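Structure, as structure tokens:
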There are 2 protein chains.
Amino acid sequence: MSKQKLPLLDATSTVECCSPLMHEPLAAVQAVELARVFKAMGDPVRLRLLSLIASHEGGEACVCDLSEVFDLTGPTISHHLKVLREAGLIAGERRGTWIYYRVQTEALDLASQVLAPGAASAVHA
Amino acid sequence: MSKQKLPLLDATSTVECCSPLMHEPLAAVQAVELARVFKAMGDPVRLRLLSLIASHEGGEACVCDLSEVFDLTGPTISHHLKVLREAGLIAGERRGTWIYYRVQTEALDLASQVLAPGAASAVHA
DNA sequence: CTCCTGGTTTGAAATCTGTCAAGATAGAAG
DNA sequence: CTTCTATCTTGACAGATTTCAAACCAGGAG
């Protein structure tokens, strides 16, 4: 285990429940963690993959479902899925011949909270 | 009007008030727009810049305030600020000798909403 | 076992990014 | 006008990203 393949934000790391970016200067270490997530989302293909998986029936989709949507080769799709996986945004499970991916909602929620809906209206509910 | 330097998400473009990524497959065009925002946030330095600006007194900070925090040269900071600016995440205003940046909260809110706090609890109906 | 299909891994090429040094600009101050 | 300070722009370069083709692995069907 040489590399940092942490699931990403620990929730224990820094950003607790409601500490949007906007209240206090983000520390360098957390910035690196957070940036990894946003970077993973910073590509049109990956964003669409994320969206496709999440909105697919049952909340999951196999690679074959995803591949046919894009004009890209298998390896490329596979690569993007790997990036999303390593950012902790999705998880895959093999079931028979196919591998099904689903979104890790915790990670997504966390990212959303960090961005804080207004940072002022966040607590409203 | 060469649709290149749009302020970014138009709010009229696609993501209305509450259409998180997770309800329907994101169209290619919007994916590109959105990705630009997330990509801008996908760098530790830029994330910290954003956070520093937002949390700074008065909600704004001049470049000099920001530069002293990092171990980077002026041009580099300037470059990152430009990326954030072009993603519509911040805006700068010259006041005398200094240039003050402040966060464009609308863009941030939009990004946060797209990520949808749960996507299940957002509309929940 | 052999073949086929769904996915991933590896390797390589083109492009993009982050960073710095050096030069350019804008406004304030002599 | 000249100079000083704050910030941006340009040019260059190492390192990262995106993408494809070719090779590889895992299960299911003959």
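Order determines the names: the first chain of the structure tokens is A, the second B, and so forth; residues in each chain are numbered 1 upward, and ligands are numbered 1 upward as they are shown.
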
Find the residues in chain B near chain A: any atom within 6 Å counts, using only C-alpha atoms. Write them as a list in words.
Leu21, Met22, His23, Glu24, Pro25, Leu26, Ala31, Val32, Ala35, Phe38, Lys39, Met41, Gly42, Asp43, Pro44, Arg48, Ser51, Leu52, Ala54, Ser55, Asp109, Ser112, Leu115, Pro117 and Gly118 of chain B

For chain D against chain B, with a cut-off of 8 Å and counting only C-alpha atoms (C1' of nucleotides), what is the closest atom pair and its distance in Å to one decimal for every residue that makes the cut, ordered by chain and number, as CSV?
```
residue,atom,partner,partner_atom,distance
D:DA6,C1',B:Thr97,CA,6.2
D:DT7,C1',B:Ser78,CA,7.6
D:DC8,C1',B:Ser78,CA,7.0
```

Computed interatomic separation between atom C1' of D:DA23 and atom CA of A:Arg102 (Å)
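Separation of atom C1' of D:DA23 and atom CA of A:Arg102: 28.3 Å.
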
Report the distance between atom C1' of D:DT18 and atom CA of A:Gly88 in Å, rounded to one decimal place.
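Atom CA of A:Gly88 lies 20.4 Å from atom C1' of D:DT18.
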
Per residue of chain C within 10 Å of chain A, record the nearest atom pair and its distance in Å to one decimal, counting only C-alpha atoms (C1' of nucleotides), with rows in chain order and ascending residue number, as a tab-separated table.
```
residue	atom	partner	partner_atom	distance
C:DT5	C1'	A:Thr97	CA	8.5
C:DG6	C1'	A:Trp98	CA	6.4
C:DG7	C1'	A:Ser78	CA	7.4
C:DT8	C1'	A:Ser78	CA	6.9
C:DT9	C1'	A:Pro75	CA	8.8
```

Just to confirm, what's the straight-line distance from atom CA of A:Tyr101 to atom CA of A:Asp65 in Å (one decimal)?
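Taking atom CA of A:Tyr101 and atom CA of A:Asp65, their separation equals 10.4 Å.
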
List every residue of stretch 31-120 of chain B that DSSP, applied to the backbone, labels as alpha helix (DSSP H), and write the result as a ChimeraX atom specification.
/B:31-41,44-55,63-67,74-86,105-115

Write a file of the just-selected residues containing N, CA and C atoms, as a short mmCIF file (atom, residue, chain, number, x, y, z; two decimals), in the first residue's frame.
```cif
data_model
loop_
_atom_site.label_atom_id
_atom_site.label_comp_id
_atom_site.auth_asym_id
_atom_site.auth_seq_id
_atom_site.Cartn_x
_atom_site.Cartn_y
_atom_site.Cartn_z
N ALA B 31 -22.42 19.05 -20.27
CA ALA B 31 -21.31 18.38 -19.60
C ALA B 31 -20.03 19.18 -19.78
N VAL B 32 -19.86 19.71 -20.98
CA VAL B 32 -18.66 20.49 -21.24
C VAL B 32 -18.62 21.74 -20.37
N GLU B 33 -19.74 22.40 -20.28
CA GLU B 33 -19.82 23.62 -19.48
C GLU B 33 -19.54 23.33 -18.01
N LEU B 34 -20.23 22.33 -17.52
CA LEU B 34 -20.08 21.97 -16.12
C LEU B 34 -18.66 21.51 -15.82
N ALA B 35 -18.13 20.73 -16.72
CA ALA B 35 -16.79 20.20 -16.51
C ALA B 35 -15.78 21.33 -16.36
N ARG B 36 -16.00 22.40 -17.09
CA ARG B 36 -15.08 23.53 -17.01
C ARG B 36 -15.02 24.07 -15.59
N VAL B 37 -16.17 24.10 -14.94
CA VAL B 37 -16.22 24.60 -13.57
C VAL B 37 -15.50 23.66 -12.62
N PHE B 38 -15.84 22.39 -12.73
CA PHE B 38 -15.22 21.43 -11.82
C PHE B 38 -13.73 21.30 -12.08
N LYS B 39 -13.37 21.42 -13.33
CA LYS B 39 -11.95 21.35 -13.63
C LYS B 39 -11.21 22.51 -12.97
N ALA B 40 -11.83 23.66 -13.00
CA ALA B 40 -11.21 24.83 -12.36
C ALA B 40 -11.02 24.56 -10.86
N MET B 41 -11.95 23.83 -10.29
CA MET B 41 -11.84 23.53 -8.86
C MET B 41 -10.97 22.31 -8.61
N PRO B 44 -5.56 21.91 -6.13
CA PRO B 44 -5.44 22.30 -4.73
C PRO B 44 -5.22 23.79 -4.54
N VAL B 45 -4.35 24.35 -5.35
CA VAL B 45 -4.07 25.78 -5.21
C VAL B 45 -5.32 26.61 -5.48
N ARG B 46 -6.01 26.27 -6.55
CA ARG B 46 -7.20 27.04 -6.90
C ARG B 46 -8.30 26.88 -5.87
N LEU B 47 -8.41 25.70 -5.33
CA LEU B 47 -9.41 25.47 -4.30
C LEU B 47 -9.11 26.33 -3.08
N ARG B 48 -7.84 26.41 -2.74
CA ARG B 48 -7.46 27.22 -1.58
C ARG B 48 -7.65 28.71 -1.89
N LEU B 49 -7.35 29.09 -3.11
CA LEU B 49 -7.56 30.48 -3.49
C LEU B 49 -9.02 30.85 -3.32
N LEU B 50 -9.86 29.99 -3.83
CA LEU B 50 -11.30 30.19 -3.73
C LEU B 50 -11.72 30.34 -2.27
N SER B 51 -11.23 29.43 -1.47
CA SER B 51 -11.56 29.44 -0.06
C SER B 51 -11.01 30.68 0.64
N LEU B 52 -9.79 31.06 0.28
CA LEU B 52 -9.18 32.24 0.89
C LEU B 52 -9.96 33.50 0.56
N ILE B 53 -10.32 33.61 -0.70
CA ILE B 53 -11.07 34.79 -1.13
C ILE B 53 -12.41 34.86 -0.40
N ALA B 54 -13.11 33.74 -0.43
CA ALA B 54 -14.46 33.71 0.15
C ALA B 54 -14.44 33.99 1.64
N SER B 55 -13.44 33.44 2.31
CA SER B 55 -13.44 33.57 3.76
C SER B 55 -12.72 34.82 4.23
N VAL B 63 -4.71 40.35 -4.63
CA VAL B 63 -3.74 39.34 -5.01
C VAL B 63 -2.60 39.25 -4.00
N CYS B 64 -2.24 40.38 -3.45
CA CYS B 64 -1.13 40.38 -2.49
C CYS B 64 -1.47 39.56 -1.26
N ASP B 65 -2.73 39.64 -0.83
CA ASP B 65 -3.17 38.83 0.31
C ASP B 65 -3.00 37.35 -0.01
N LEU B 66 -3.33 37.01 -1.22
CA LEU B 66 -3.32 35.61 -1.63
C LEU B 66 -1.91 35.09 -1.84
N SER B 67 -1.11 35.90 -2.50
CA SER B 67 0.24 35.47 -2.87
C SER B 67 1.07 35.07 -1.66
N GLY B 74 4.41 35.02 -8.40
CA GLY B 74 3.28 35.85 -8.81
C GLY B 74 2.60 35.36 -10.07
N PRO B 75 3.32 35.15 -11.13
CA PRO B 75 2.71 34.68 -12.36
C PRO B 75 1.86 33.43 -12.18
N THR B 76 2.33 32.54 -11.35
CA THR B 76 1.58 31.31 -11.14
C THR B 76 0.24 31.59 -10.47
N ILE B 77 0.27 32.40 -9.44
CA ILE B 77 -0.98 32.78 -8.78
C ILE B 77 -1.90 33.45 -9.78
N SER B 78 -1.31 34.34 -10.54
CA SER B 78 -2.08 35.07 -11.54
C SER B 78 -2.75 34.11 -12.52
N HIS B 79 -2.00 33.11 -12.92
CA HIS B 79 -2.54 32.12 -13.84
C HIS B 79 -3.75 31.40 -13.23
N HIS B 80 -3.61 30.99 -11.99
CA HIS B 80 -4.71 30.26 -11.35
C HIS B 80 -5.94 31.15 -11.20
N LEU B 81 -5.70 32.39 -10.87
CA LEU B 81 -6.82 33.32 -10.74
C LEU B 81 -7.54 33.47 -12.08
N LYS B 82 -6.75 33.47 -13.13
CA LYS B 82 -7.35 33.59 -14.45
C LYS B 82 -8.25 32.39 -14.76
N VAL B 83 -7.78 31.22 -14.41
CA VAL B 83 -8.58 30.02 -14.64
C VAL B 83 -9.91 30.11 -13.89
N LEU B 84 -9.81 30.51 -12.63
CA LEU B 84 -11.03 30.65 -11.83
C LEU B 84 -11.95 31.71 -12.41
N ARG B 85 -11.34 32.79 -12.88
CA ARG B 85 -12.11 33.88 -13.47
C ARG B 85 -12.84 33.39 -14.71
N GLU B 86 -12.12 32.70 -15.57
CA GLU B 86 -12.73 32.24 -16.82
C GLU B 86 -13.76 31.14 -16.61
N THR B 105 -20.90 33.83 -6.13
CA THR B 105 -21.65 32.81 -5.40
C THR B 105 -22.68 32.07 -6.24
N GLU B 106 -23.20 32.76 -7.25
CA GLU B 106 -24.20 32.08 -8.08
C GLU B 106 -23.61 30.82 -8.72
N ALA B 107 -22.43 31.00 -9.28
CA ALA B 107 -21.78 29.87 -9.94
C ALA B 107 -21.55 28.73 -8.95
N LEU B 108 -21.13 29.10 -7.77
CA LEU B 108 -20.85 28.11 -6.75
C LEU B 108 -22.12 27.39 -6.33
N ASP B 109 -23.16 28.16 -6.14
CA ASP B 109 -24.45 27.58 -5.76
C ASP B 109 -24.91 26.60 -6.82
N LEU B 110 -24.78 27.03 -8.05
CA LEU B 110 -25.21 26.18 -9.15
C LEU B 110 -24.47 24.85 -9.13
N ALA B 111 -23.16 24.95 -9.00
CA ALA B 111 -22.35 23.74 -8.97
C ALA B 111 -22.79 22.83 -7.83
N SER B 112 -23.04 23.44 -6.71
CA SER B 112 -23.47 22.67 -5.54
C SER B 112 -24.80 21.99 -5.79
N GLN B 113 -25.69 22.72 -6.42
CA GLN B 113 -27.02 22.15 -6.68
C GLN B 113 -26.96 21.01 -7.67
N VAL B 114 -26.11 21.16 -8.66
CA VAL B 114 -25.98 20.09 -9.65
C VAL B 114 -25.53 18.80 -8.97
N LEU B 115 -24.66 18.97 -8.01
CA LEU B 115 -24.18 17.80 -7.27
C LEU B 115 -25.28 17.24 -6.39
#
```

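You can rank D:DT19, D:DC13, D:DA26, D:DT5 by their closest distance to C:DT15 using only C-alpha atoms (C1' of nucleotides), and at the top of that list sits D:DT19.
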
Write out as a VMD selection string each polymer residue whose atoms come within 10 Å of C:DG11, counting only C-alpha atoms (C1' of nucleotides); drop sequence neighbours fewer than 2 positions from it.
(chain C and resid 9 13) or (chain D and resid 21 to 22)

Shell of 12 Å around D:DG15, only C-alpha atoms (C1' of nucleotides), local chain residues under 4 positions omitted, as a PyMOL selection string:
chain C and resi 16-19

Selection file, N, CA and C atoms (P, O5', C5', C4', C3', O3' and C1' of nucleotides), as a CSV table (one decimal), in the first residue's frame:
```
chain,number,residue,atom,x,y,z
C,16,DC,P,-5.0,20.8,-26.7
C,16,DC,O5',-4.7,20.7,-25.2
C,16,DC,C5',-5.4,19.7,-24.5
C,16,DC,C4',-5.0,19.7,-23.0
C,16,DC,C3',-5.0,21.1,-22.4
C,16,DC,O3',-5.6,21.0,-21.1
C,16,DC,C1',-2.9,20.1,-22.0
C,17,DT,P,-5.9,22.3,-20.2
C,17,DT,O5',-4.8,22.1,-19.0
C,17,DT,C5',-4.2,20.9,-18.7
C,17,DT,C4',-3.4,21.0,-17.4
C,17,DT,C3',-3.5,22.3,-16.7
C,17,DT,O3',-3.4,22.0,-15.3
C,17,DT,C1',-1.3,22.0,-17.4
C,18,DG,P,-3.4,23.1,-14.2
C,18,DG,O5',-1.9,23.2,-13.8
C,18,DG,C5',-1.3,22.1,-13.0
C,18,DG,C4',0.1,22.5,-12.5
C,18,DG,C3',0.2,23.8,-11.7
C,18,DG,O3',1.1,23.6,-10.7
C,18,DG,C1',1.5,24.0,-13.7
C,19,DT,P,1.4,24.7,-9.6
C,19,DT,O5',2.7,25.4,-10.1
C,19,DT,C5',3.9,24.7,-10.3
C,19,DT,C4',5.0,25.4,-11.0
C,19,DT,C3',5.1,26.9,-10.6
C,19,DT,O3',6.2,27.0,-9.7
C,19,DT,C1',5.3,26.6,-12.9
```

Write out as a list of chain:residue names the residues lying within 12 Å of C:DA22, counting only C-alpha atoms (C1' of nucleotides) and excluding same-chain residues fewer than 4 positions away.
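The neighbour list is B:Pro75, D:DT9, D:DT10, D:DG11, D:DA12.
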